[in-house]
Structures are given as structure tokens and as C-alpha cells.
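Written out below as C-alpha cells is the structure these notes cover.
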Amino acid sequence: MPPIVLVRIVHVLSVVLWIGGVAFVTTVLIPAVRKLSSDAQRIELFEQLELRFALQARVTTVLAGASGIYLIHVMEAWSRYLDPAYWWIHLMTLVWLAFTIVLFVLEPLFLHRWFVAAAKRDSERAFRILQIMHWALLSLSIVAIVGAVAGSRGYLRV
């Protein structure tokens, strides 16, 4: 099997695990946690489950980024960033960059502490904001995935 095929498999599998996890957190975990009656229970359960997913998200984000860069390099496709017809590559990169900044910079520096403090002050508001942010990122991710699948097959060429 050629290396590019293996890298493509790693790339797609990484995106599936990463964005699939985001979809689970957005559509299942956060709504279930928001229904808990105790603020302390909300924070504790979310912290336990999100912490476990954070490692998966970090690993799959790194793998998706590294494999994506490799694929663009090997395919000599850097010029696609200059072509508006490849808007989906821009969006994939933007989504990856946003998650990478959140997971590796903002969350460790302040976002985690801010969320816990905000949830202790007003749990319902903090989880509502969290869910809105997750929906925004998930929505962008879905558009990027649809665009990438259709675009890589030539269906979005102008």
C-alpha cells in the first residue's frame, strides 16, 4: 500500500474520531449535563467526561493536522490555497486551527479555569455558552467535511 494511502487513512480516521467526539459532546453530553439539577454534579460530571475526551481530541487533532500537511505537500497542492474554488481547504484549515488553538493554547492557559469559575457562579449560563460555542464549531466542521468530500471528488468546481 502506498504511503499516501496510509496517510489518507490516518487523516480521515483522525477527523472521524475528533469531530465525531465533538458531535457527541455537543449533541449528547452537554444537553445531558445541563439537565442535572445540581450545579456541583454538572461541573463534576462534565469535568470527568470532558477530561477523558480531551486527550483523544488532542491526539486526533495533531494527527489530522500532520497528515493534512503531508498530503498537501506530497500532492503539491499548496496552490489550492490561492484558488477560491478550494474554499473547503481553507475552511478545513480554519477549523483545525481553531480547535488547535483552543485545545493547546486557550484551554490550558485560561479557558478551563474560566469555565469552572463561571459554572460555579452561574452553571446554567456557563453551560449554555459552552453549548453555543460547541454548536458553532461543530457546524463549521460539518460544512468543512461536506465541502472536503464533495470538493475532493470535483463536485464543487466552478
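Every chain in the C-alpha cells has a letter given in the order shown (A, B, ...), and although residue numbers restart at 1 in each chain, ligands are simply numbered from 1 in the order shown.
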**Prompt:** Hey, what's within 6 Å of region 1-15 of chain A if we count only C-alpha atoms and toss same-chain stuff fewer than 3 positions away? As a list in words, please?
**Reply:** Trp18, Ile19, Thr60, Ala64 and Ser67 of chain A
### Surrounding residues of Val102 (chain A) excluding itself and chain neighbours under 4 positions, 12 Å, only C-alpha atoms, as a ChimeraX atom specification
/A:54,57-58,61,95-98,106-112,133-134,137
In Å and to one decimal, CA of Ala136 (chain A) is distant from CA of Thr100 (chain A) by 15.4 Å
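For the pair CA of Asp39 (chain A) and CA of Lys120 (chain A), the separation is 7.1 Å.
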**Item:** Near-region 142-152 of chain A list (8 Å; only C-alpha atoms; drop same-chain fewer than 2 positions) as a list in words
**Value:**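 Non-adjacent residues within range: Tyr86, Trp88, Ile89, Leu91, Met92, Val95, Leu138, Ser139, Leu140, Gly154, Tyr155, Leu156 and Arg157 of chain A.
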For CA of Glu44 (chain A) and CA of Val16 (chain A), the interatomic separation in Å (one decimal):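 Computing the Euclidean distance for CA of Glu44 (chain A) and CA of Val16 (chain A) yields 27.1 Å.
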inquiry  = Could you pull out the alpha helix (DSSP H) residues of chain A, going by DSSP on the backbone, and write them as a PyMOL selection string?
reply    = chain A and resi 3-24+30-34+39-74+87-101+112-121+123-152
Output file for the residues above (C-alpha atoms, as a short mmCIF file (atom, residue, chain, number, x, y, z; two decimals), in the first residue's frame):
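File written: again-v7.cif
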data_model
loop_
_atom_site.label_atom_id
_atom_site.label_comp_id
_atom_site.auth_asym_id
_atom_site.auth_seq_id
_atom_site.Cartn_x
_atom_site.Cartn_y
_atom_site.Cartn_z
CA PRO A 3 2.37 5.73 1.89
CA ILE A 4 -0.07 8.36 0.64
CA VAL A 5 -2.94 5.89 1.08
CA LEU A 6 -1.89 5.16 4.67
CA VAL A 7 -1.62 8.86 5.42
CA ARG A 8 -5.06 9.47 3.89
CA ILE A 9 -6.47 6.70 6.12
CA VAL A 10 -4.87 8.30 9.19
CA HIS A 11 -6.25 11.69 8.14
CA VAL A 12 -9.83 10.52 7.64
CA LEU A 13 -9.83 8.33 10.77
CA SER A 14 -8.44 11.21 12.84
CA VAL A 15 -11.14 13.57 11.58
CA VAL A 16 -13.86 10.96 12.23
CA LEU A 17 -12.72 10.39 15.84
CA TRP A 18 -12.10 14.09 16.51
CA ILE A 19 -15.25 15.61 15.00
CA GLY A 20 -17.35 12.59 15.99
CA GLY A 21 -16.29 13.24 19.57
CA VAL A 22 -17.16 16.90 19.23
CA ALA A 23 -20.58 15.89 17.90
CA PHE A 24 -21.11 13.60 20.90
CA ILE A 30 -23.70 18.89 27.24
CA PRO A 31 -27.52 18.58 26.96
CA ALA A 32 -27.50 15.66 29.44
CA VAL A 33 -25.26 17.54 31.87
CA ARG A 34 -27.46 20.65 31.61
CA ASP A 39 -24.59 22.67 39.81
CA ALA A 40 -21.87 20.64 41.53
CA GLN A 41 -22.99 17.48 39.71
CA ARG A 42 -22.98 19.31 36.38
CA ILE A 43 -19.44 20.54 36.82
CA GLU A 44 -18.13 17.23 38.22
CA LEU A 45 -19.64 15.02 35.52
CA PHE A 46 -18.66 17.33 32.69
CA GLU A 47 -15.10 17.61 34.02
CA GLN A 48 -14.74 13.82 34.30
CA LEU A 49 -16.02 13.07 30.81
CA GLU A 50 -14.53 16.05 29.00
CA LEU A 51 -11.11 15.32 30.52
CA ARG A 52 -11.20 11.83 29.01
CA PHE A 53 -12.17 13.20 25.59
CA ALA A 54 -9.57 15.98 25.73
CA LEU A 55 -6.72 13.52 25.22
CA GLN A 56 -8.48 11.93 22.23
CA ALA A 57 -9.18 15.37 20.79
CA ARG A 58 -5.57 16.48 21.19
CA VAL A 59 -4.10 13.32 19.64
CA THR A 60 -6.54 13.23 16.71
CA THR A 61 -6.16 16.96 16.07
CA VAL A 62 -2.38 16.58 15.85
CA LEU A 63 -2.72 13.54 13.57
CA ALA A 64 -5.26 15.31 11.34
CA GLY A 65 -3.02 18.36 11.04
CA ALA A 66 0.20 16.44 10.41
CA SER A 67 -1.41 14.13 7.87
CA GLY A 68 -3.14 17.06 6.17
CA ILE A 69 0.13 18.95 5.79
CA TYR A 70 1.82 15.80 4.48
CA LEU A 71 -0.95 15.23 1.92
CA ILE A 72 -0.86 18.83 0.67
CA HIS A 73 2.92 18.66 0.41
CA VAL A 74 3.10 15.29 -1.37
CA TRP A 87 -12.78 27.17 -0.22
CA TRP A 88 -13.23 23.90 1.65
CA ILE A 89 -9.47 23.54 2.14
CA HIS A 90 -9.45 27.00 3.70
CA LEU A 91 -12.35 26.01 5.95
CA MET A 92 -10.73 22.70 6.93
CA THR A 93 -7.58 24.58 7.86
CA LEU A 94 -9.55 27.22 9.79
CA VAL A 95 -11.47 24.56 11.74
CA TRP A 96 -8.25 22.69 12.51
CA LEU A 97 -6.52 25.91 13.58
CA ALA A 98 -9.44 26.96 15.82
CA PHE A 99 -9.52 23.60 17.60
CA THR A 100 -5.73 23.51 17.89
CA ILE A 101 -5.64 26.96 19.47
CA HIS A 112 -10.57 25.70 31.66
CA ARG A 113 -10.22 27.80 34.81
CA TRP A 114 -12.59 30.44 33.42
CA PHE A 115 -15.25 27.84 32.62
CA VAL A 116 -15.09 26.20 36.07
CA ALA A 117 -15.31 29.61 37.78
CA ALA A 118 -18.17 30.70 35.50
CA ALA A 119 -20.02 27.41 36.10
CA LYS A 120 -19.68 27.86 39.87
CA ARG A 121 -21.16 31.38 39.59
CA SER A 123 -23.96 26.99 35.94
CA GLU A 124 -26.87 27.32 33.52
CA ARG A 125 -25.33 30.32 31.76
CA ALA A 126 -21.86 28.76 31.57
CA PHE A 127 -23.17 25.53 30.05
CA ARG A 128 -25.41 27.47 27.64
CA ILE A 129 -22.38 29.43 26.39
CA LEU A 130 -20.37 26.21 26.18
CA GLN A 131 -23.09 24.54 24.12
CA ILE A 132 -23.41 27.53 21.77
CA MET A 133 -19.64 27.52 21.16
CA HIS A 134 -19.66 23.76 20.56
CA TRP A 135 -22.56 24.09 18.11
CA ALA A 136 -20.70 26.83 16.22
CA LEU A 137 -17.53 24.74 15.93
CA LEU A 138 -19.46 21.57 15.08
CA SER A 139 -21.45 23.40 12.38
CA LEU A 140 -18.27 24.77 10.78
CA SER A 141 -16.74 21.29 11.00
CA ILE A 142 -19.71 19.70 9.24
CA VAL A 143 -19.59 22.26 6.43
CA ALA A 144 -15.84 21.62 6.08
CA ILE A 145 -16.37 17.85 5.93
CA VAL A 146 -19.17 18.10 3.36
CA GLY A 147 -17.09 20.55 1.32
CA ALA A 148 -13.99 18.35 1.53
CA VAL A 149 -15.79 15.19 0.46
CA ALA A 150 -17.63 16.87 -2.41
CA GLY A 151 -14.72 19.12 -3.36
CA SER A 152 -12.12 16.35 -3.39
#
